[in-house]
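Undergrad: Next comes target.tsv, TSV, C-alpha atoms (C1' of nucleotides):
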chain	number	residue	atom	x	y	z
A	1	MET	CA	0.00	0.00	0.00
A	2	GLY	CA	2.29	2.70	-1.20
A	3	GLN	CA	0.24	5.83	-1.07
A	4	SER	CA	1.37	9.36	-0.47
A	5	ALA	CA	2.70	9.92	-3.94
A	6	GLN	CA	1.59	13.00	-5.81
A	7	PRO	CA	0.01	15.77	-3.80
A	8	ASN	CA	1.61	18.13	-1.37
A	9	PHE	CA	1.73	15.92	1.63
A	10	PRO	CA	0.49	12.71	3.06
A	11	ALA	CA	-1.98	15.11	4.63
A	12	ASP	CA	-4.70	15.41	2.05
A	13	ALA	CA	-6.77	12.46	3.27
A	14	ASP	CA	-5.80	13.16	6.85
A	15	ARG	CA	-7.44	16.54	6.70
A	16	GLN	CA	-10.58	15.02	5.27
A	17	ASN	CA	-10.59	12.45	8.02
A	18	LEU	CA	-10.10	15.03	10.74
A	19	ALA	CA	-12.75	17.25	9.21
A	20	ASP	CA	-15.21	14.36	9.25
A	21	ARG	CA	-14.64	13.65	12.90
A	22	LEU	CA	-14.86	17.33	13.73
A	23	ALA	CA	-18.13	17.58	11.86
A	24	ALA	CA	-19.42	14.74	14.01
A	25	ILE	CA	-18.99	16.83	17.15
A	26	ALA	CA	-19.80	20.19	15.56
A	27	HIS	CA	-23.39	20.08	16.71
A	28	PRO	CA	-24.75	21.17	20.07
A	29	TYR	CA	-26.93	18.11	20.60
A	30	ARG	CA	-24.13	15.75	19.73
A	31	LEU	CA	-21.86	17.54	22.16
A	32	GLN	CA	-24.53	17.13	24.78
A	33	ILE	CA	-24.95	13.47	23.95
A	34	LEU	CA	-21.23	12.95	24.45
A	35	GLU	CA	-21.49	14.67	27.82
A	36	GLU	CA	-24.42	12.56	28.89
A	37	LEU	CA	-22.77	9.36	27.78
A	38	GLY	CA	-19.60	10.30	29.56
A	39	ARG	CA	-21.51	11.11	32.69
A	40	ALA	CA	-23.47	7.87	32.71
A	41	ASP	CA	-20.71	5.64	31.35
A	42	CYS	CA	-23.35	3.76	29.42
A	43	ALA	CA	-26.85	4.66	28.29
A	44	CYS	CA	-29.49	3.40	25.94
A	45	CYS	CA	-31.17	5.51	23.31
A	46	GLY	CA	-34.26	6.16	25.39
A	47	GLU	CA	-32.24	7.51	28.25
A	48	VAL	CA	-30.61	10.02	25.98
A	49	VAL	CA	-33.97	10.92	24.50
A	50	SER	CA	-35.28	11.68	27.96
A	51	ARG	CA	-32.53	14.24	28.44
A	52	LEU	CA	-32.78	16.04	25.11
A	53	PRO	CA	-35.65	18.12	23.81
A	54	ILE	CA	-35.80	16.39	20.42
A	55	ALA	CA	-37.57	13.40	18.98
A	56	GLN	CA	-36.41	9.83	19.39
A	57	SER	CA	-35.71	9.43	15.71
A	58	THR	CA	-33.49	12.49	15.74
A	59	VAL	CA	-31.54	11.24	18.72
A	60	SER	CA	-31.07	7.91	17.03
A	61	GLN	CA	-29.62	9.65	14.01
A	62	HIS	CA	-27.23	11.69	16.11
A	63	LEU	CA	-26.10	8.55	17.88
A	64	LYS	CA	-25.54	6.91	14.55
A	65	ILE	CA	-23.43	9.82	13.35
A	66	LEU	CA	-21.30	9.66	16.49
A	67	ALA	CA	-20.96	5.92	16.09
A	68	GLN	CA	-19.98	6.19	12.45
A	69	ALA	CA	-17.28	8.63	13.46
A	70	GLY	CA	-16.09	6.01	15.94
A	71	LEU	CA	-16.60	8.30	18.90
A	72	VAL	CA	-19.19	6.08	20.55
A	73	GLU	CA	-19.65	2.34	20.61
A	74	VAL	CA	-22.88	0.40	20.42
A	75	ASN	CA	-23.74	-2.86	22.11
A	76	SER	CA	-27.02	-4.56	21.56
A	77	ALA	CA	-28.52	-5.71	24.84
A	78	GLY	CA	-31.91	-7.21	24.24
A	79	GLN	CA	-34.29	-4.61	22.99
A	80	LYS	CA	-31.97	-1.85	23.95
A	81	SER	CA	-28.85	-0.52	22.38
A	82	LEU	CA	-26.23	0.49	24.87
A	83	TYR	CA	-24.09	3.39	23.84
A	84	ARG	CA	-20.89	4.44	25.47
A	85	VAL	CA	-18.08	6.83	24.72
A	86	ASN	CA	-15.13	5.38	22.88
A	87	ALA	CA	-12.53	7.01	25.04
A	88	VAL	CA	-9.66	5.98	22.81
A	89	ALA	CA	-11.21	7.55	19.75
A	90	VAL	CA	-12.15	10.73	21.56
A	91	ARG	CA	-8.64	11.12	22.90
A	92	ALA	CA	-7.24	10.49	19.45
A	93	LEU	CA	-9.45	13.22	18.06
A	94	LEU	CA	-8.39	15.63	20.77
A	95	ASP	CA	-4.77	14.85	20.02
A	96	ASP	CA	-5.26	15.38	16.31
A	97	VAL	CA	-7.04	18.66	16.75
A	98	ALA	CA	-4.43	19.79	19.22
A	99	ALA	CA	-1.97	19.67	16.35
A	100	LEU	CA	-3.58	22.88	15.19
A	101	ARG	CA	-1.57	24.55	17.89
A	102	ALA	CA	1.23	24.49	15.37
A	103	CYS	CA	-0.67	27.05	13.36
A	104	CYS	CA	-0.28	29.47	16.26
A	105	ASN	CA	3.45	29.04	16.62
A	106	ALA	CA	4.58	30.68	13.44
A	107	ALA	CA	2.35	33.60	14.17
A	108	VAL	CA	4.30	34.84	17.13
A	109	ASP	CA	1.02	35.77	18.66
A	110	THR	CA	-1.76	38.12	17.90
A	111	LYS	CA	-0.74	40.60	20.49
A	112	ASN	CA	0.64	38.90	23.53
A	113	SER	CA	4.20	37.99	22.86
A	114	LYS	CA	4.81	36.30	26.15
A	115	ASP	CA	8.45	37.34	26.43
A	116	ASP	CA	7.72	40.99	26.35
B	1	MET	CA	-29.93	40.36	35.24
B	2	GLY	CA	-30.11	36.89	36.61
B	3	GLN	CA	-29.75	34.65	33.67
B	4	SER	CA	-29.25	30.89	33.67
B	5	ALA	CA	-32.74	30.29	34.91
B	6	GLN	CA	-34.72	27.59	33.16
B	7	PRO	CA	-32.66	25.05	31.24
B	8	ASN	CA	-30.26	22.47	32.55
B	9	PHE	CA	-27.11	24.49	32.74
B	10	PRO	CA	-25.45	27.67	31.73
B	11	ALA	CA	-24.13	25.38	29.04
B	12	ASP	CA	-26.82	25.51	26.44
B	13	ALA	CA	-25.44	28.51	24.59
B	14	ASP	CA	-21.91	27.40	25.27
B	15	ARG	CA	-22.44	24.21	23.37
B	16	GLN	CA	-23.90	26.14	20.47
B	17	ASN	CA	-20.91	28.43	20.49
B	18	LEU	CA	-18.43	25.58	20.59
B	19	ALA	CA	-20.32	23.77	17.86
B	20	ASP	CA	-20.15	26.85	15.67
B	21	ARG	CA	-16.41	27.17	16.05
B	22	LEU	CA	-15.96	23.47	15.46
B	23	ALA	CA	-18.03	23.70	12.31
B	24	ALA	CA	-15.71	26.44	11.12
B	25	ILE	CA	-12.76	24.05	11.17
B	26	ALA	CA	-14.69	20.94	10.18
B	27	HIS	CA	-13.75	21.28	6.54
B	28	PRO	CA	-10.58	20.05	4.86
B	29	TYR	CA	-9.89	23.24	2.95
B	30	ARG	CA	-10.39	25.39	5.99
B	31	LEU	CA	-8.01	23.19	7.93
B	32	GLN	CA	-5.52	23.62	5.15
B	33	ILE	CA	-6.04	27.37	5.12
B	34	LEU	CA	-5.27	27.48	8.81
B	35	GLU	CA	-2.11	25.51	8.19
B	36	GLU	CA	-1.00	27.79	5.40
B	37	LEU	CA	-1.72	30.90	7.40
B	38	GLY	CA	0.15	29.49	10.36
B	39	ARG	CA	3.07	28.61	8.17
B	40	ALA	CA	3.27	32.01	6.53
B	41	ASP	CA	2.28	34.06	9.55
B	42	CYS	CA	0.40	36.38	7.23
B	43	ALA	CA	-0.99	35.92	3.74
B	44	CYS	CA	-3.35	37.63	1.40
B	45	CYS	CA	-6.27	35.93	-0.28
B	46	GLY	CA	-4.44	35.43	-3.56
B	47	GLU	CA	-1.62	33.60	-1.85
B	48	VAL	CA	-4.02	31.16	-0.32
B	49	VAL	CA	-5.75	30.74	-3.65
B	50	SER	CA	-2.45	29.79	-5.25
B	51	ARG	CA	-2.08	26.95	-2.77
B	52	LEU	CA	-5.56	25.49	-2.97
B	53	PRO	CA	-7.22	23.82	-5.94
B	54	ILE	CA	-10.43	25.85	-5.71
B	55	ALA	CA	-11.67	29.11	-7.11
B	56	GLN	CA	-10.89	32.51	-5.65
B	57	SER	CA	-14.48	33.13	-4.70
B	58	THR	CA	-14.59	29.90	-2.76
B	59	VAL	CA	-11.41	30.68	-0.91
B	60	SER	CA	-12.76	34.10	-0.03
B	61	GLN	CA	-15.84	32.46	1.45
B	62	HIS	CA	-13.79	30.04	3.50
B	63	LEU	CA	-11.69	32.89	4.80
B	64	LYS	CA	-14.81	34.75	5.72
B	65	ILE	CA	-16.15	31.76	7.62
B	66	LEU	CA	-12.91	31.44	9.54
B	67	ALA	CA	-12.94	35.16	10.26
B	68	GLN	CA	-16.53	35.12	11.45
B	69	ALA	CA	-15.59	32.35	13.84
B	70	GLY	CA	-12.81	34.61	15.08
B	71	LEU	CA	-10.11	32.14	14.19
B	72	VAL	CA	-8.40	34.43	11.71
B	73	GLU	CA	-8.03	38.18	11.61
B	74	VAL	CA	-8.22	40.44	8.61
B	75	ASN	CA	-6.29	43.60	7.95
B	76	SER	CA	-6.86	45.67	4.89
B	77	ALA	CA	-3.58	46.68	3.30
B	78	GLY	CA	-4.23	48.58	0.12
B	79	GLN	CA	-5.87	46.34	-2.41
B	80	LYS	CA	-5.03	43.28	-0.43
B	81	SER	CA	-6.53	41.78	2.65
B	82	LEU	CA	-3.98	40.29	4.97
B	83	TYR	CA	-5.16	37.29	6.89
B	84	ARG	CA	-3.44	35.80	9.87
B	85	VAL	CA	-4.25	33.22	12.47
B	86	ASN	CA	-5.78	34.55	15.67
B	87	ALA	CA	-3.63	32.50	17.96
B	88	VAL	CA	-5.59	33.43	21.04
B	89	ALA	CA	-8.87	32.30	19.56
B	90	VAL	CA	-7.41	29.07	18.22
B	91	ARG	CA	-5.91	28.23	21.58
B	92	ALA	CA	-9.20	29.02	23.26
B	93	LEU	CA	-10.96	26.67	20.91
B	94	LEU	CA	-8.44	23.94	21.58
B	95	ASP	CA	-8.90	24.43	25.29
B	96	ASP	CA	-12.66	24.29	25.02
B	97	VAL	CA	-12.64	21.16	22.92
B	98	ALA	CA	-10.13	19.58	25.26
B	99	ALA	CA	-12.83	19.72	27.91
B	100	LEU	CA	-14.37	16.78	26.09
B	101	ARG	CA	-11.74	14.70	27.79
B	102	ALA	CA	-14.07	14.72	30.75
B	103	CYS	CA	-16.42	12.52	28.76
B	104	CYS	CA	-13.74	9.83	28.77
B	105	ASN	CA	-13.12	9.89	32.47
B	106	ALA	CA	-16.40	8.44	33.66
B	107	ALA	CA	-16.12	5.70	31.13
B	108	VAL	CA	-13.22	3.93	32.72
B	109	ASP	CA	-11.99	3.17	29.28
B	110	THR	CA	-13.11	1.20	26.33
B	111	LYS	CA	-10.72	-1.61	26.88
B	112	ASN	CA	-7.53	-0.32	28.39
B	113	SER	CA	-8.32	0.17	32.03
B	114	LYS	CA	-4.59	0.04	32.64
B	115	ASP	CA	-4.61	3.79	32.18
B	116	ASP	CA	-1.78	5.37	30.33
C	1	DG	C1'	-8.36	60.05	-15.97
C	2	DC	C1'	-7.70	55.23	-17.29
C	3	DC	C1'	-6.46	50.61	-16.79
C	4	DA	C1'	-4.83	46.57	-14.05
C	5	DT	C1'	-5.11	44.03	-9.91
C	6	DT	C1'	-7.12	42.27	-5.82
C	7	DT	C1'	-10.90	40.98	-3.13
C	8	DA	C1'	-15.79	40.61	-1.81
C	9	DT	C1'	-20.24	39.71	-3.12
C	10	DC	C1'	-24.20	38.06	-5.99
C	11	DG	C1'	-26.79	34.49	-8.26
C	12	DC	C1'	-27.10	29.86	-9.18
C	13	DT	C1'	-26.97	24.78	-8.70
C	14	DG	C1'	-26.47	20.31	-6.56
C	15	DG	C1'	-26.20	17.99	-2.51
C	16	DA	C1'	-26.12	17.26	2.39
C	17	DC	C1'	-27.97	18.36	7.10
C	18	DG	C1'	-31.50	18.51	10.76
C	19	DA	C1'	-35.75	17.87	12.27
C	20	DC	C1'	-40.10	15.42	12.35
C	21	DG	C1'	-43.83	11.66	12.17
C	22	DA	C1'	-44.85	7.15	10.91
C	23	DT	C1'	-43.64	2.63	10.79
C	24	DA	C1'	-41.15	-1.76	10.59
C	25	DG	C1'	-38.17	-5.25	13.32
C	26	DA	C1'	-36.59	-7.23	17.23
C	27	DT	C1'	-37.09	-8.55	21.87
C	28	DG	C1'	-39.28	-9.31	26.45
C	29	DA	C1'	-43.45	-10.16	29.09
C	30	DT	C1'	-47.89	-12.36	29.93
D	1	DA	C1'	-49.53	-16.30	20.51
D	2	DT	C1'	-50.24	-11.79	21.57
D	3	DC	C1'	-49.03	-7.52	23.10
D	4	DA	C1'	-45.97	-3.90	24.71
D	5	DT	C1'	-41.56	-1.67	24.36
D	6	DC	C1'	-37.44	-0.11	22.32
D	7	DT	C1'	-34.76	1.21	18.44
D	8	DA	C1'	-33.63	1.92	13.55
D	9	DT	C1'	-35.07	3.33	9.29
D	10	DC	C1'	-37.97	5.57	5.73
D	11	DG	C1'	-39.95	9.53	3.53
D	12	DT	C1'	-40.52	14.36	3.63
D	13	DC	C1'	-39.67	19.17	4.18
D	14	DG	C1'	-37.08	23.30	4.76
D	15	DT	C1'	-32.59	25.15	5.29
D	16	DC	C1'	-27.88	25.65	4.80
D	17	DC	C1'	-23.36	24.35	2.65
D	18	DA	C1'	-19.88	24.24	-1.08
D	19	DG	C1'	-18.61	25.11	-5.33
D	20	DC	C1'	-18.57	27.97	-9.54
D	21	DG	C1'	-18.62	32.07	-12.80
D	22	DA	C1'	-19.53	36.78	-13.28
D	23	DT	C1'	-19.18	41.14	-11.59
D	24	DA	C1'	-18.83	45.15	-8.56
D	25	DA	C1'	-15.84	47.89	-5.41
D	26	DA	C1'	-11.51	49.50	-3.84
D	27	DT	C1'	-6.85	50.52	-4.64
D	28	DG	C1'	-2.27	51.15	-7.09
D	29	DG	C1'	0.21	52.35	-11.25
D	30	DC	C1'	0.73	54.94	-15.49
Translate this file's structure into structure tokens.

TA:
Amino acid sequence: MGQSAQPNFPADADRQNLADRLAAIAHPYRLQILEELGRADCACCGEVVSRLPIAQSTVSQHLKILAQAGLVEVNSAGQKSLYRVNAVAVRALLDDVAALRACCNAAVDTKNSKDD
Amino acid sequence: MGQSAQPNFPADADRQNLADRLAAIAHPYRLQILEELGRADCACCGEVVSRLPIAQSTVSQHLKILAQAGLVEVNSAGQKSLYRVNAVAVRALLDDVAALRACCNAAVDTKNSKDD
DNA sequence: GCCATTTATCGCTGGACGACGATAGATGAT
DNA sequence: ATCATCTATCGTCGTCCAGCGATAAATGGC
């Protein structure tokens, strides 16, 4: 699998991948769902529905989006589906997005050069 | 004025705000623009256009979106508009999104309870 | 004044998102 | 077997996004 041949960097698909995961959390209800799941360790769809002001079908879609991004995991338990935060994936996302700090380094700062 | 009265938290608008900023960077070209701006410290629209495979009007829109989110600053310099990364705002965003790490704490871990 | 250059904006199109209600499938309970 | 419950999916609707070309507005150069 020898990729990374023609474009600028081996970063073209990486940016798309990061953008996809960011889009998954770039929604207030999905952020709230992550919080609720983190708080409860594990919750079924109905529990999340009871905490959000939107319909069950909408919650199910948001959960699916988070799951497709790998940020939550699903386990079928009888009738219910148990969702929980995929801590590894969330941490990986936070690490990847933290790389944007590099964009601030070149720009000495906007106004606060720390070594004044 | 005593706000924070009826909903769950004083977090309802905060989540919307974070989601908006996340949406601003949840796009591969905008991520790339941030990288280029960080690399060059300061660049005009045309310079960014020369590095991306999309039309000038599209780049201008992306820059506007990043500016509206506060992540880049604009300075008019003659004909040109000089864009640069707003390091403070980017760091603030990274800090805010890093708070999602709390969602991983309750969930002991997905599989590696050994901690890191 | 006139032209070139740079950027922002307008109008348009195709496609995806976000919400909903309704409903089908699967599972547990009686 | 029947019924209730829980979840996922379907279809729909309105809105916004992402791209483009064309063009207007501002500025510099001659």

Undergrad: I'd like a table as JSON lines: residues in chain D with an atom no more than 7 Å from chain B, each row giving the shortest atom pair and its distance in Å to one decimal, all atoms listed in the file counted, sorted by chain and rising residue number.

TA:
{"residue": "D:DG19", "atom": "C1'", "partner": "B:Thr58", "partner_atom": "CA", "distance": 6.8}
{"residue": "D:DA26", "atom": "C1'", "partner": "B:Gln79", "partner_atom": "CA", "distance": 6.6}
{"residue": "D:DT27", "atom": "C1'", "partner": "B:Gln79", "partner_atom": "CA", "distance": 4.8}

Undergrad: Matching every Cα in sequence order between the two identical chains, what are the coordinates of chain A once fitted onto chain B? Write them as a short mmCIF file (atom, residue, chain, number, x, y, z; two decimals) with C-alpha atoms, in the frame of the given file.

TA:
data_model
loop_
_atom_site.label_atom_id
_atom_site.label_comp_id
_atom_site.auth_asym_id
_atom_site.auth_seq_id
_atom_site.Cartn_x
_atom_site.Cartn_y
_atom_site.Cartn_z
CA MET A 1 -27.43 40.33 32.63
CA GLY A 2 -28.72 37.53 34.73
CA GLN A 3 -28.97 34.61 32.40
CA SER A 4 -28.60 30.95 33.16
CA ALA A 5 -32.03 30.53 34.65
CA GLN A 6 -34.20 27.73 33.38
CA PRO A 7 -32.52 24.98 31.43
CA ASN A 8 -30.21 22.29 32.65
CA PHE A 9 -27.03 24.24 32.79
CA PRO A 10 -25.41 27.44 31.76
CA ALA A 11 -24.18 25.17 28.99
CA ASP A 12 -26.92 25.34 26.42
CA ALA A 13 -25.58 28.37 24.56
CA ASP A 14 -22.02 27.30 25.23
CA ARG A 15 -22.54 24.12 23.30
CA GLN A 16 -24.01 26.04 20.41
CA ASN A 17 -21.06 28.38 20.47
CA LEU A 18 -18.54 25.56 20.55
CA ALA A 19 -20.39 23.73 17.80
CA ASP A 20 -20.24 26.84 15.62
CA ARG A 21 -16.52 27.20 16.03
CA LEU A 22 -16.01 23.51 15.42
CA ALA A 23 -18.07 23.72 12.26
CA ALA A 24 -15.77 26.50 11.11
CA ILE A 25 -12.79 24.14 11.15
CA ALA A 26 -14.70 21.01 10.13
CA HIS A 27 -13.74 21.37 6.50
CA PRO A 28 -10.56 20.16 4.84
CA TYR A 29 -9.90 23.37 2.93
CA ARG A 30 -10.41 25.51 5.98
CA LEU A 31 -8.02 23.33 7.92
CA GLN A 32 -5.53 23.79 5.14
CA ILE A 33 -6.07 27.53 5.11
CA LEU A 34 -5.33 27.64 8.83
CA GLU A 35 -2.13 25.70 8.20
CA GLU A 36 -1.05 28.00 5.42
CA LEU A 37 -1.80 31.10 7.42
CA GLY A 38 0.06 29.72 10.37
CA ARG A 39 3.01 28.86 8.20
CA ALA A 40 3.19 32.26 6.55
CA ASP A 41 2.17 34.32 9.59
CA CYS A 42 0.26 36.59 7.25
CA ALA A 43 -1.13 36.12 3.76
CA CYS A 44 -3.51 37.80 1.40
CA CYS A 45 -6.39 36.07 -0.30
CA GLY A 46 -4.54 35.57 -3.56
CA GLU A 47 -1.70 33.81 -1.85
CA VAL A 48 -4.08 31.34 -0.32
CA VAL A 49 -5.81 30.88 -3.65
CA SER A 50 -2.50 29.99 -5.24
CA ARG A 51 -2.08 27.15 -2.77
CA LEU A 52 -5.56 25.64 -2.98
CA PRO A 53 -7.18 23.95 -5.94
CA ILE A 54 -10.42 25.95 -5.72
CA ALA A 55 -11.70 29.20 -7.12
CA GLN A 56 -10.93 32.59 -5.66
CA SER A 57 -14.52 33.21 -4.70
CA THR A 58 -14.63 29.95 -2.78
CA VAL A 59 -11.45 30.78 -0.91
CA SER A 60 -12.83 34.17 -0.03
CA GLN A 61 -15.90 32.53 1.44
CA HIS A 62 -13.85 30.12 3.50
CA LEU A 63 -11.77 32.99 4.80
CA LYS A 64 -14.92 34.82 5.71
CA ILE A 65 -16.24 31.82 7.61
CA LEU A 66 -12.98 31.53 9.55
CA ALA A 67 -13.05 35.24 10.26
CA GLN A 68 -16.64 35.16 11.43
CA ALA A 69 -15.69 32.40 13.83
CA GLY A 70 -12.94 34.69 15.10
CA LEU A 71 -10.22 32.24 14.20
CA VAL A 72 -8.53 34.57 11.73
CA GLU A 73 -8.19 38.32 11.61
CA VAL A 74 -8.39 40.57 8.59
CA ASN A 75 -6.49 43.76 7.93
CA SER A 76 -7.07 45.80 4.86
CA ALA A 77 -3.80 46.83 3.27
CA GLY A 78 -4.45 48.70 0.07
CA GLN A 79 -6.04 46.44 -2.45
CA LYS A 80 -5.19 43.41 -0.46
CA SER A 81 -6.69 41.91 2.62
CA LEU A 82 -4.15 40.46 4.97
CA TYR A 83 -5.30 37.45 6.90
CA ARG A 84 -3.59 35.98 9.88
CA VAL A 85 -4.38 33.39 12.50
CA ASN A 86 -5.93 34.69 15.68
CA ALA A 87 -3.78 32.65 17.98
CA VAL A 88 -5.75 33.57 21.07
CA ALA A 89 -9.01 32.40 19.57
CA VAL A 90 -7.53 29.19 18.23
CA ARG A 91 -6.03 28.37 21.60
CA ALA A 92 -9.34 29.12 23.27
CA LEU A 93 -11.07 26.73 20.90
CA LEU A 94 -8.51 24.03 21.57
CA ASP A 95 -9.00 24.51 25.28
CA ASP A 96 -12.76 24.32 24.98
CA VAL A 97 -12.69 21.20 22.88
CA ALA A 98 -10.18 19.64 25.22
CA ALA A 99 -12.89 19.74 27.85
CA LEU A 100 -14.40 16.80 26.03
CA ARG A 101 -11.74 14.74 27.71
CA ALA A 102 -14.09 14.73 30.65
CA CYS A 103 -16.41 12.52 28.65
CA CYS A 104 -13.70 9.86 28.64
CA ASN A 105 -13.10 9.90 32.36
CA ALA A 106 -16.34 8.41 33.53
CA ALA A 107 -15.98 5.67 31.00
CA VAL A 108 -13.03 4.02 32.64
CA ASP A 109 -11.76 3.30 29.20
CA THR A 110 -12.86 1.29 26.27
CA LYS A 111 -10.44 -1.46 26.90
CA ASN A 112 -7.20 -0.15 28.24
CA SER A 113 -7.59 0.47 31.90
CA LYS A 114 -4.15 1.83 32.46
CA ASP A 115 -3.76 0.43 35.96
CA ASP A 116 -4.18 -3.12 34.91
#

Undergrad: Quick one: distance from CA of Cys103 (chain B) to CA of Ala102 (chain A) in Å, one decimal?

TA: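 CA of Ala102 (chain A) lies 25.2 Å from CA of Cys103 (chain B).
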
Undergrad: For chain A against chain B, which residues fall within 7 Å using all atoms listed in the file, given as a PDB file with C-alpha atoms, in the frame of the given file?

TA:
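Below is the file that was written, out05.pdb:
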ATOM      1  CA  ARG A  15      -7.440  16.540   6.700  1.00  0.00           C
ATOM      2  CA  GLN A  16     -10.580  15.020   5.270  1.00  0.00           C
ATOM      3  CA  ALA A  19     -12.750  17.250   9.210  1.00  0.00           C
ATOM      4  CA  ASP A  20     -15.210  14.360   9.250  1.00  0.00           C
ATOM      5  CA  LEU A  22     -14.860  17.330  13.730  1.00  0.00           C
ATOM      6  CA  ALA A  23     -18.130  17.580  11.860  1.00  0.00           C
ATOM      7  CA  ALA A  26     -19.800  20.190  15.560  1.00  0.00           C
ATOM      8  CA  HIS A  27     -23.390  20.080  16.710  1.00  0.00           C
ATOM      9  CA  PRO A  28     -24.750  21.170  20.070  1.00  0.00           C
ATOM     10  CA  LEU A  31     -21.860  17.540  22.160  1.00  0.00           C
ATOM     11  CA  LEU A  34     -21.230  12.950  24.450  1.00  0.00           C
ATOM     12  CA  GLU A  35     -21.490  14.670  27.820  1.00  0.00           C
ATOM     13  CA  GLY A  38     -19.600  10.300  29.560  1.00  0.00           C
ATOM     14  CA  ARG A  39     -21.510  11.110  32.690  1.00  0.00           C
ATOM     15  CA  ASP A  41     -20.710   5.640  31.350  1.00  0.00           C
ATOM     16  CA  VAL A  85     -18.080   6.830  24.720  1.00  0.00           C
ATOM     17  CA  ASN A  86     -15.130   5.380  22.880  1.00  0.00           C
ATOM     18  CA  ALA A  87     -12.530   7.010  25.040  1.00  0.00           C
ATOM     19  CA  VAL A  88      -9.660   5.980  22.810  1.00  0.00           C
ATOM     20  CA  ARG A  91      -8.640  11.120  22.900  1.00  0.00           C
ATOM     21  CA  LEU A  94      -8.390  15.630  20.770  1.00  0.00           C
ATOM     22  CA  ALA A  98      -4.430  19.790  19.220  1.00  0.00           C
ATOM     23  CA  ARG A 101      -1.570  24.550  17.890  1.00  0.00           C
ATOM     24  CA  CYS A 103      -0.670  27.050  13.360  1.00  0.00           C
ATOM     25  CA  CYS A 104      -0.280  29.470  16.260  1.00  0.00           C
ATOM     26  CA  ALA A 106       4.580  30.680  13.440  1.00  0.00           C
ATOM     27  CA  ALA A 107       2.350  33.600  14.170  1.00  0.00           C
ATOM     28  CA  ASP A 109       1.020  35.770  18.660  1.00  0.00           C
ATOM     29  CA  THR A 110      -1.760  38.120  17.900  1.00  0.00           C
TER      30      THR A 110
END

Undergrad: In Å, how far is it from C1' of DC3 (chain D) to CA of Ser81 (chain A)?

TA: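 Computing the Euclidean distance for C1' of DC3 (chain D) and CA of Ser81 (chain A) yields 21.4 Å.
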
Undergrad: From the options C:DA29, C:DT23, C:DT13, C:DT6, which residue's atoms come nearest to chain B, counting only C-alpha atoms (C1' of nucleotides)?

TA: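 Ranking C:DA29, C:DT23, C:DT13, C:DT6 by distance to chain B, first place goes to C:DT6.
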
Undergrad: Go ahead and compute the interatomic distance for C1' of DT9 (chain D) and CA of Ala67 (chain A), in Å to one decimal.

TA: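 Between these atoms lies a distance of 15.9 Å.
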
Undergrad: Starting from chain C, keep only residues with some atom at most 7 Å from an atom of chain A, counting all atoms listed in the file, and report them as a ChimeraX atom specification.

TA: /C:19,26-27
